[in-house]
$ cat query-v2.cif   # mmCIF, C-alpha atoms and all ligand atoms
data_target
loop_
_atom_site.group_PDB
_atom_site.id
_atom_site.type_symbol
_atom_site.label_atom_id
_atom_site.label_comp_id
_atom_site.auth_asym_id
_atom_site.auth_seq_id
_atom_site.Cartn_x
_atom_site.Cartn_y
_atom_site.Cartn_z
ATOM 1 C CA MET A 12 8.755 10.283 -10.635
ATOM 2 C CA ARG A 13 6.059 10.953 -8.024
ATOM 3 C CA MET A 14 3.562 8.130 -7.894
ATOM 4 C CA ILE A 15 0.759 6.808 -5.758
ATOM 5 C CA PHE A 16 -0.447 3.245 -5.613
ATOM 6 C CA ILE A 17 -4.105 2.734 -4.672
ATOM 7 C CA GLY A 18 -5.967 -0.546 -4.458
ATOM 8 C CA PRO A 19 -7.779 -2.852 -2.079
ATOM 9 C CA PRO A 20 -5.839 -4.861 0.501
ATOM 10 C CA GLY A 21 -4.158 -7.822 -1.182
ATOM 11 C CA ALA A 22 -4.239 -6.243 -4.644
ATOM 12 C CA GLY A 23 -0.468 -6.592 -4.915
ATOM 13 C CA LYS A 24 0.491 -2.958 -4.214
ATOM 14 C CA GLY A 25 3.460 -3.883 -2.006
ATOM 15 C CA THR A 26 4.826 -6.441 -4.473
ATOM 16 C CA GLN A 27 4.461 -4.175 -7.477
ATOM 17 C CA ALA A 28 5.661 -1.043 -5.669
ATOM 18 C CA ALA A 29 8.883 -2.828 -4.665
ATOM 19 C CA ARG A 30 9.541 -3.647 -8.326
ATOM 20 C CA LEU A 31 8.809 -0.091 -9.510
ATOM 21 C CA VAL A 32 11.041 1.603 -6.952
ATOM 22 C CA ASP A 33 13.944 -0.535 -8.158
ATOM 23 C CA LYS A 34 13.251 0.583 -11.691
ATOM 24 C CA TYR A 35 12.755 4.293 -10.985
ATOM 25 C CA LYS A 36 15.237 4.541 -8.077
ATOM 26 C CA ILE A 37 12.744 6.304 -5.830
ATOM 27 C CA PRO A 38 11.957 5.677 -2.156
ATOM 28 C CA HIS A 39 9.093 3.291 -1.402
ATOM 29 C CA ILE A 40 6.901 4.931 1.224
ATOM 30 C CA SER A 41 4.479 2.376 2.631
ATOM 31 C CA THR A 42 2.450 3.710 5.549
ATOM 32 C CA GLY A 43 1.555 0.100 6.466
ATOM 33 C CA ASP A 44 5.270 -0.803 6.684
ATOM 34 C CA MET A 45 5.961 2.361 8.703
ATOM 35 C CA PHE A 46 3.156 1.546 11.137
ATOM 36 C CA ARG A 47 4.369 -2.068 11.474
ATOM 37 C CA ALA A 48 7.886 -0.795 12.224
ATOM 38 C CA ALA A 49 6.476 1.552 14.907
ATOM 39 C CA VAL A 50 4.456 -1.324 16.409
ATOM 40 C CA LYS A 51 7.575 -3.490 16.530
ATOM 41 C CA ALA A 52 9.605 -0.683 18.106
ATOM 42 C CA GLY A 53 6.850 -0.242 20.727
ATOM 43 C CA THR A 54 6.648 3.554 20.302
ATOM 44 C CA PRO A 55 3.524 5.324 21.665
ATOM 45 C CA MET A 56 2.402 5.972 18.073
ATOM 46 C CA GLY A 57 2.951 2.284 17.264
ATOM 47 C CA GLN A 58 0.866 1.245 20.246
ATOM 48 C CA GLU A 59 -1.948 3.527 19.134
ATOM 49 C CA ALA A 60 -1.759 2.348 15.504
ATOM 50 C CA ASP A 61 -1.747 -1.300 16.576
ATOM 51 C CA ARG A 62 -5.188 -0.978 18.150
ATOM 52 C CA TYR A 63 -6.666 -0.062 14.758
ATOM 53 C CA MET A 64 -4.510 -2.305 12.576
ATOM 54 C CA LYS A 65 -5.300 -5.494 14.491
ATOM 55 C CA SER A 66 -8.983 -5.179 13.692
ATOM 56 C CA GLY A 67 -8.480 -4.020 10.112
ATOM 57 C CA GLN A 68 -9.546 -0.412 10.748
ATOM 58 C CA LEU A 69 -7.789 2.657 9.428
ATOM 59 C CA VAL A 70 -5.455 4.533 11.752
ATOM 60 C CA PRO A 71 -6.867 8.070 12.368
ATOM 61 C CA ASP A 72 -6.008 10.667 9.742
ATOM 62 C CA GLU A 73 -4.090 13.019 12.032
ATOM 63 C CA VAL A 74 -1.687 10.227 13.055
ATOM 64 C CA THR A 75 -1.217 9.008 9.481
ATOM 65 C CA ILE A 76 -0.812 12.460 7.949
ATOM 66 C CA GLY A 77 1.734 13.370 10.660
ATOM 67 C CA LEU A 78 3.714 10.226 9.865
ATOM 68 C CA VAL A 79 3.821 10.995 6.143
ATOM 69 C CA ARG A 80 4.722 14.664 6.763
ATOM 70 C CA GLU A 81 7.731 13.531 8.799
ATOM 71 C CA ARG A 82 8.764 11.127 6.061
ATOM 72 C CA PHE A 83 8.461 13.848 3.408
ATOM 73 C CA ALA A 84 10.799 16.051 5.445
ATOM 74 C CA GLN A 85 13.607 13.612 4.625
ATOM 75 C CA PRO A 86 15.725 14.670 1.634
ATOM 76 C CA ASP A 87 15.463 11.404 -0.318
ATOM 77 C CA THR A 88 11.850 12.270 -1.239
ATOM 78 C CA GLN A 89 12.937 15.382 -3.172
ATOM 79 C CA ALA A 90 13.641 13.487 -6.373
ATOM 80 C CA GLY A 91 10.443 11.462 -6.253
ATOM 81 C CA PHE A 92 8.609 8.756 -4.336
ATOM 82 C CA MET A 93 6.247 5.823 -4.551
ATOM 83 C CA LEU A 94 3.453 6.141 -2.029
ATOM 84 C CA ASP A 95 1.941 2.742 -1.237
ATOM 85 C CA GLY A 96 -1.137 2.708 0.993
ATOM 86 C CA PHE A 97 -1.388 6.492 1.304
ATOM 87 C CA PRO A 98 -3.637 8.394 0.801
ATOM 88 C CA ARG A 99 -6.477 6.168 1.967
ATOM 89 C CA THR A 100 -9.085 8.823 2.798
ATOM 90 C CA VAL A 101 -10.226 12.090 1.237
ATOM 91 C CA PRO A 102 -8.637 14.217 4.044
ATOM 92 C CA GLN A 103 -5.336 12.362 3.460
ATOM 93 C CA ALA A 104 -5.533 13.058 -0.295
ATOM 94 C CA GLU A 105 -6.223 16.733 0.446
ATOM 95 C CA ALA A 106 -3.302 16.921 2.889
ATOM 96 C CA LEU A 107 -1.015 15.374 0.280
ATOM 97 C CA SER A 108 -2.118 17.862 -2.395
ATOM 98 C CA GLU A 109 -1.486 20.748 -0.022
ATOM 99 C CA ALA A 110 1.973 19.448 0.900
ATOM 100 C CA LEU A 111 2.958 18.975 -2.745
ATOM 101 C CA THR A 112 1.605 22.390 -3.741
ATOM 102 C CA ALA A 113 3.564 23.991 -0.891
ATOM 103 C CA ASP A 114 6.701 22.312 -2.252
ATOM 104 C CA GLY A 115 5.874 23.464 -5.796
ATOM 105 C CA VAL A 116 5.724 19.915 -7.170
ATOM 106 C CA GLN A 117 3.047 17.703 -8.709
ATOM 107 C CA LEU A 118 2.156 14.047 -8.855
ATOM 108 C CA ASP A 119 3.040 12.274 -12.102
ATOM 109 C CA THR A 120 0.630 9.389 -11.834
ATOM 110 C CA VAL A 121 -1.830 7.526 -9.637
ATOM 111 C CA LEU A 122 -2.031 3.797 -10.313
ATOM 112 C CA LEU A 123 -5.210 2.053 -9.264
ATOM 113 C CA LEU A 124 -4.647 -1.689 -8.989
ATOM 114 C CA GLU A 125 -8.039 -3.330 -9.463
ATOM 115 C CA VAL A 126 -8.841 -6.795 -8.072
ATOM 116 C CA PRO A 127 -12.408 -8.006 -7.393
ATOM 117 C CA ASP A 128 -13.372 -8.564 -3.740
ATOM 118 C CA ARG A 129 -14.046 -12.278 -4.297
ATOM 119 C CA LEU A 130 -10.340 -12.867 -5.020
ATOM 120 C CA ILE A 131 -9.020 -10.779 -2.136
ATOM 121 C CA VAL A 132 -9.703 -13.070 0.822
ATOM 122 C CA ASP A 133 -7.845 -16.041 -0.705
ATOM 123 C CA ARG A 134 -4.975 -13.827 -1.719
ATOM 124 C CA ILE A 135 -4.575 -12.378 1.748
ATOM 125 C CA ILE A 136 -4.987 -15.493 3.838
ATOM 126 C CA GLY A 137 -2.204 -17.285 1.933
ATOM 127 C CA ARG A 138 0.130 -14.284 2.030
ATOM 128 C CA ARG A 139 3.493 -14.594 3.815
ATOM 129 C CA SER A 140 6.439 -12.213 3.887
ATOM 130 C CA ASP A 141 10.146 -12.671 4.387
ATOM 131 C CA PRO A 142 11.312 -10.337 7.181
ATOM 132 C CA GLU A 143 14.905 -10.508 5.920
ATOM 133 C CA THR A 144 14.326 -9.479 2.305
ATOM 134 C CA GLY A 145 10.858 -7.908 2.447
ATOM 135 C CA GLU A 146 9.791 -10.287 -0.349
ATOM 136 C CA ILE A 147 6.067 -11.135 -0.359
ATOM 137 C CA TYR A 148 4.909 -14.653 -1.276
ATOM 138 C CA HIS A 149 1.646 -16.552 -1.517
ATOM 139 C CA LEU A 150 1.550 -20.176 -0.419
ATOM 140 C CA THR A 151 -0.340 -21.206 -3.582
ATOM 141 C CA PHE A 152 -0.003 -18.425 -6.168
ATOM 142 C CA ASN A 153 3.624 -17.402 -5.598
ATOM 143 C CA PRO A 154 5.191 -20.164 -3.459
ATOM 144 C CA PRO A 155 8.296 -19.300 -1.450
ATOM 145 C CA PRO A 156 11.533 -21.214 -2.058
ATOM 146 C CA PRO A 157 11.992 -23.950 0.581
ATOM 147 C CA GLU A 158 15.109 -22.327 2.079
ATOM 148 C CA VAL A 159 13.161 -19.271 3.316
ATOM 149 C CA SER A 160 9.986 -21.104 4.422
ATOM 150 C CA ASP A 161 10.946 -21.326 8.095
ATOM 151 C CA ARG A 162 11.418 -17.604 8.567
ATOM 152 C CA LEU A 163 8.267 -16.376 6.796
ATOM 153 C CA VAL A 164 5.769 -14.339 8.759
ATOM 154 C CA HIS A 165 1.991 -14.100 8.535
ATOM 155 C CA ARG A 166 0.726 -10.580 9.243
ATOM 156 C CA LYS A 167 -1.664 -10.547 12.158
ATOM 157 C CA ASP A 168 -4.201 -8.503 10.167
ATOM 158 C CA ASP A 169 -4.139 -11.078 7.347
ATOM 159 C CA THR A 170 -6.956 -13.078 8.928
ATOM 160 C CA GLU A 171 -10.346 -13.544 7.305
ATOM 161 C CA GLU A 172 -12.091 -11.367 9.894
ATOM 162 C CA ALA A 173 -9.612 -8.483 9.633
ATOM 163 C CA VAL A 174 -9.617 -8.719 5.828
ATOM 164 C CA ARG A 175 -13.372 -8.220 5.733
ATOM 165 C CA SER A 176 -13.004 -5.036 7.824
ATOM 166 C CA ARG A 177 -10.124 -3.857 5.656
ATOM 167 C CA LEU A 178 -12.209 -4.375 2.514
ATOM 168 C CA GLU A 179 -15.107 -2.513 4.068
ATOM 169 C CA ALA A 180 -12.770 0.359 5.016
ATOM 170 C CA TYR A 181 -11.438 0.364 1.464
ATOM 171 C CA HIS A 182 -14.881 0.724 -0.117
ATOM 172 C CA LYS A 183 -16.158 3.230 2.416
ATOM 173 C CA MET A 184 -13.117 5.410 3.045
ATOM 174 C CA THR A 185 -10.616 4.878 0.224
ATOM 175 C CA ALA A 186 -12.750 4.395 -2.904
ATOM 176 C CA PRO A 187 -14.008 8.029 -2.612
ATOM 177 C CA ILE A 188 -10.493 9.280 -3.445
ATOM 178 C CA ILE A 189 -10.699 7.637 -6.894
ATOM 179 C CA PRO A 190 -12.920 10.372 -8.429
ATOM 180 C CA PHE A 191 -10.608 12.964 -6.827
ATOM 181 C CA TYR A 192 -7.681 11.688 -8.946
ATOM 182 C CA GLU A 193 -9.815 10.799 -11.965
ATOM 183 C CA THR A 194 -10.953 14.406 -12.258
ATOM 184 C CA SER A 195 -7.374 15.620 -12.208
ATOM 185 C CA GLY A 196 -6.533 13.244 -15.084
ATOM 186 C CA LEU A 197 -3.845 11.422 -13.093
ATOM 187 C CA LEU A 198 -5.599 8.094 -12.536
ATOM 188 C CA GLN A 199 -4.487 5.023 -14.470
ATOM 189 C CA ARG A 200 -6.456 1.821 -13.905
ATOM 190 C CA VAL A 201 -4.482 -1.410 -13.947
ATOM 191 C CA ASN A 202 -5.938 -4.914 -13.938
ATOM 192 C CA GLY A 203 -4.376 -6.556 -10.878
ATOM 193 C CA VAL A 204 -5.603 -10.060 -11.725
ATOM 194 C CA GLY A 205 -2.812 -12.344 -12.888
ATOM 195 C CA THR A 206 0.614 -13.491 -11.768
ATOM 196 C CA PRO A 207 2.924 -10.838 -10.275
ATOM 197 C CA ASP A 208 4.971 -10.863 -13.511
ATOM 198 C CA GLU A 209 1.876 -10.421 -15.669
ATOM 199 C CA VAL A 210 0.727 -7.469 -13.576
ATOM 200 C CA THR A 211 4.215 -5.907 -13.694
ATOM 201 C CA ALA A 212 4.090 -6.157 -17.489
ATOM 202 C CA VAL A 213 0.717 -4.373 -17.579
ATOM 203 C CA ILE A 214 2.001 -1.624 -15.258
ATOM 204 C CA THR A 215 5.162 -1.154 -17.289
ATOM 205 C CA SER A 216 3.189 -0.747 -20.493
ATOM 206 C CA THR A 217 0.803 1.651 -18.749
ATOM 207 C CA LEU A 218 3.682 3.842 -17.619
ATOM 208 C CA THR A 219 5.458 4.046 -20.967
HETATM 209 P P1 LIG A 301 -1.178 -2.031 4.523
HETATM 210 O O1 LIG A 301 0.133 -2.664 4.837
HETATM 211 O O2 LIG A 301 -1.061 -0.898 3.537
HETATM 212 O O3 LIG A 301 -2.233 -3.030 4.139
HETATM 213 O O4 LIG A 301 -1.681 -1.350 5.891
HETATM 214 C C1 LIG A 301 -1.913 -2.123 7.055
HETATM 215 C C2 LIG A 301 -2.763 -1.343 8.033
HETATM 216 O O5 LIG A 301 -2.076 -0.144 8.434
HETATM 217 C C3 LIG A 301 -4.101 -0.853 7.514
HETATM 218 O O6 LIG A 301 -5.117 -1.854 7.583
HETATM 219 C C4 LIG A 301 -4.386 0.312 8.462
HETATM 220 O O7 LIG A 301 -4.790 -0.151 9.743
HETATM 221 C C5 LIG A 301 -2.999 0.930 8.619
HETATM 222 N N1 LIG A 301 -2.743 1.935 7.565
HETATM 223 C C6 LIG A 301 -1.795 1.878 6.582
HETATM 224 N N2 LIG A 301 -1.854 2.973 5.803
HETATM 225 C C7 LIG A 301 -2.859 3.746 6.290
HETATM 226 C C8 LIG A 301 -3.425 4.989 5.908
HETATM 227 N N3 LIG A 301 -2.979 5.668 4.847
HETATM 228 N N4 LIG A 301 -4.449 5.475 6.665
HETATM 229 C C9 LIG A 301 -4.901 4.809 7.741
HETATM 230 N N5 LIG A 301 -4.446 3.614 8.142
HETATM 231 C C10 LIG A 301 -3.419 3.081 7.433
#
$ encode --input "query-v2.cif" --output "structure tokens"
Amino acid sequence: MRMIFIGPPGAGKGTQAARLVDKYKIPHISTGDMFRAAVKAGTPMGQEADRYMKSGQLVPDEVTIGLVRERFAQPDTQAGFMLDGFPRTVPQAEALSEALTADGVQLDTVLLLEVPDRLIVDRIIGRRSDPETGEIYHLTFNPPPPEVSDRLVHRKDDTEEAVRSRLEAYHKMTAPIIPFYETSGLLQRVNGVGTPDEVTAVITSTLT
């Protein structure tokens, strides 16, 4: 299964992608997670990416495409993958198509997780993640169990100001890839409003 997850920040892509990769036994390739790991490791690429991420801007295409190319060179992607947060621009979508064509493979589906902007800011500001398990919680909508509360982290780009830039980047740079996948007949729209379990149920029925 070769899938892409598209959607605005805070739509629930990370949460839902983690559930799908368990089901389909495919690697979860999140460019956001890869950039955060590079920032933490203090690599030159991480330092460059951090400058954009902090303010909610997209990391330049050449850096992002290079990162994904390297990841695709690893053998675990041969049997399939779940791309979460990539592509996010038309040049990224074109680079992905070229890479897949060169490998003689095709995408199976593109899931677009739709959540209205007015719900995004609340979702993101209350978001916390568990660095040990990767689990994502929301202080109100998906409260963490008390035993993990002390170790939860709040992403530094999950502030109101950065979220507004991320939403703007989504509408300006990422939304234009939707017609690209709609024309190819791969796009499946999923209503991302609801509890994580409700959204998983909608995705599962969409994929069967
Ligand atoms: P995410 O975890 O997917 O919300 O990504 C966090 C941040 O990483 C984004 O706001 C961007 O700064 C950067 N990023 C992640 N994926 C991409 C991408 N495909 N293109 C450009 N920047 C990205």
$ atom_distance --input "query-v2.cif" --atom1 "CA of Arg139 in chain A" --atom2 "CA of Val201 in chain A"
23.5 Å
$ residues_around --input "query-v2.cif" --residues "range 64-80 of chain A" --least-positions-apart "5" --cutoff "6 Å" --atoms "all atoms listed in the file" --output "list in words"
Asp168, Ala173, Ser176 and Arg177 of chain A
$ resolve_selection --input "query-v2.cif" --expression "the PyMOL selection byres (((chain A and resi 200) around 12) and not hetatm)" --output "ChimeraX atom specification"
/A:15-18,120-126,189,192-193,196-199,201-203,210,213-214,216-218
$ resolve_selection --input "query-v2.cif" --expression "the PyMOL selection byres (((chain A and resi 39) around 10) and not hetatm)" --output "MDAnalysis selection string"
chainID A and resid 14 25 28:33 36:38 40:42 44 88 91:95
$ residues_around --input "query-v2.cif" --residues "Arg138 in chain A" --least-positions-apart "3" --cutoff "8 Å" --atoms "all atoms listed in the file" --output "JSON, numbers by chain"
{"A": [134, 135, 147, 148, 149, 150, 165, 169]}
$ closest_residue --input "query-v2.cif" --among "A:Pro102, A:Gly53, A:Gly96, A:Pro187" --to "ligand LIG 301 (chain A)" --atoms "all atoms listed in the file"
A:Gly96
$ resolve_selection --input "query-v2.cif" --expression "the PyMOL selection byres (((chain A and resi 61) around 9) and not hetatm)" --output "count of residues only"
15
$ atom_distance --input "query-v2.cif" --atom1 "CA of Tyr181 in chain A" --atom2 "CA of Pro19 in chain A"
6.0 Å
$ build_atoms --input "query-v2.cif" --residues "range 23-34 of chain A" --atoms "all heavy atoms" --output "mmCIF file, keeping the file's coordinate frame"
data_model
loop_
_atom_site.group_PDB
_atom_site.id
_atom_site.type_symbol
_atom_site.label_atom_id
_atom_site.label_comp_id
_atom_site.auth_asym_id
_atom_site.auth_seq_id
_atom_site.Cartn_x
_atom_site.Cartn_y
_atom_site.Cartn_z
ATOM 1 N N GLY A 23 -1.831 -6.416 -4.390
ATOM 2 C CA GLY A 23 -0.468 -6.592 -4.915
ATOM 3 C C GLY A 23 0.312 -5.279 -4.938
ATOM 4 O O GLY A 23 1.354 -5.193 -5.578
ATOM 5 N N LYS A 24 -0.181 -4.271 -4.211
ATOM 6 C CA LYS A 24 0.491 -2.958 -4.214
ATOM 7 C C LYS A 24 1.937 -3.079 -3.726
ATOM 8 O O LYS A 24 2.848 -2.547 -4.344
ATOM 9 C CB LYS A 24 -0.239 -1.958 -3.302
ATOM 10 C CG LYS A 24 -1.661 -1.649 -3.693
ATOM 11 C CD LYS A 24 -2.255 -0.541 -2.826
ATOM 12 C CE LYS A 24 -2.400 -0.897 -1.352
ATOM 13 N NZ LYS A 24 -3.357 -1.967 -1.055
ATOM 14 N N GLY A 25 2.119 -3.769 -2.591
ATOM 15 C CA GLY A 25 3.460 -3.883 -2.006
ATOM 16 C C GLY A 25 4.426 -4.576 -2.954
ATOM 17 O O GLY A 25 5.556 -4.101 -3.171
ATOM 18 N N THR A 26 3.975 -5.685 -3.546
ATOM 19 C CA THR A 26 4.826 -6.441 -4.473
ATOM 20 C C THR A 26 5.199 -5.589 -5.677
ATOM 21 O O THR A 26 6.366 -5.498 -6.067
ATOM 22 C CB THR A 26 4.056 -7.702 -4.968
ATOM 23 O OG1 THR A 26 3.709 -8.472 -3.830
ATOM 24 C CG2 THR A 26 4.872 -8.517 -5.933
ATOM 25 N N GLN A 27 4.204 -4.955 -6.265
ATOM 26 C CA GLN A 27 4.461 -4.175 -7.477
ATOM 27 C C GLN A 27 5.241 -2.901 -7.168
ATOM 28 O O GLN A 27 6.118 -2.506 -7.938
ATOM 29 C CB GLN A 27 3.138 -3.832 -8.185
ATOM 30 C CG GLN A 27 2.362 -5.058 -8.644
ATOM 31 C CD GLN A 27 3.137 -5.908 -9.660
ATOM 32 O OE1 GLN A 27 3.968 -5.395 -10.405
ATOM 33 N NE2 GLN A 27 2.868 -7.212 -9.693
ATOM 34 N N ALA A 28 4.942 -2.275 -6.027
ATOM 35 C CA ALA A 28 5.661 -1.043 -5.669
ATOM 36 C C ALA A 28 7.142 -1.346 -5.503
ATOM 37 O O ALA A 28 7.997 -0.588 -5.962
ATOM 38 C CB ALA A 28 5.085 -0.443 -4.386
ATOM 39 N N ALA A 29 7.471 -2.482 -4.877
ATOM 40 C CA ALA A 29 8.883 -2.828 -4.665
ATOM 41 C C ALA A 29 9.599 -2.960 -6.012
ATOM 42 O O ALA A 29 10.750 -2.546 -6.158
ATOM 43 C CB ALA A 29 8.978 -4.123 -3.871
ATOM 44 N N ARG A 30 8.913 -3.509 -7.004
ATOM 45 C CA ARG A 30 9.541 -3.647 -8.326
ATOM 46 C C ARG A 30 9.724 -2.279 -8.997
ATOM 47 O O ARG A 30 10.743 -2.023 -9.626
ATOM 48 C CB ARG A 30 8.679 -4.544 -9.211
ATOM 49 C CG ARG A 30 8.624 -5.977 -8.675
ATOM 50 C CD ARG A 30 7.730 -6.846 -9.519
ATOM 51 N NE ARG A 30 7.732 -8.210 -9.006
ATOM 52 C CZ ARG A 30 7.386 -9.271 -9.708
ATOM 53 N NH1 ARG A 30 7.002 -9.134 -10.953
ATOM 54 N NH2 ARG A 30 7.415 -10.471 -9.166
ATOM 55 N N LEU A 31 8.729 -1.407 -8.851
ATOM 56 C CA LEU A 31 8.809 -0.091 -9.510
ATOM 57 C C LEU A 31 9.880 0.805 -8.894
ATOM 58 O O LEU A 31 10.545 1.553 -9.608
ATOM 59 C CB LEU A 31 7.461 0.623 -9.431
ATOM 60 C CG LEU A 31 6.380 0.063 -10.340
ATOM 61 C CD1 LEU A 31 5.062 0.760 -10.060
ATOM 62 C CD2 LEU A 31 6.763 0.267 -11.808
ATOM 63 N N VAL A 32 10.035 0.722 -7.565
ATOM 64 C CA VAL A 32 11.041 1.603 -6.952
ATOM 65 C C VAL A 32 12.446 1.198 -7.382
ATOM 66 O O VAL A 32 13.333 2.041 -7.510
ATOM 67 C CB VAL A 32 10.932 1.698 -5.406
ATOM 68 C CG1 VAL A 32 9.620 2.329 -5.004
ATOM 69 C CG2 VAL A 32 11.122 0.372 -4.723
ATOM 70 N N ASP A 33 12.636 -0.100 -7.640
ATOM 71 C CA ASP A 33 13.944 -0.535 -8.158
ATOM 72 C C ASP A 33 14.179 0.094 -9.524
ATOM 73 O O ASP A 33 15.256 0.564 -9.849
ATOM 74 C CB ASP A 33 13.982 -2.064 -8.326
ATOM 75 C CG ASP A 33 14.234 -2.749 -6.992
ATOM 76 O OD1 ASP A 33 14.568 -2.035 -6.033
ATOM 77 O OD2 ASP A 33 14.082 -3.988 -6.917
ATOM 78 N N LYS A 34 13.121 0.079 -10.331
ATOM 79 C CA LYS A 34 13.251 0.583 -11.691
ATOM 80 C C LYS A 34 13.468 2.100 -11.719
ATOM 81 O O LYS A 34 14.314 2.599 -12.454
ATOM 82 C CB LYS A 34 11.975 0.205 -12.458
ATOM 83 C CG LYS A 34 11.978 0.624 -13.871
ATOM 84 C CD LYS A 34 10.869 -0.019 -14.670
ATOM 85 C CE LYS A 34 10.910 0.607 -16.047
ATOM 86 N NZ LYS A 34 9.752 0.403 -16.816
#
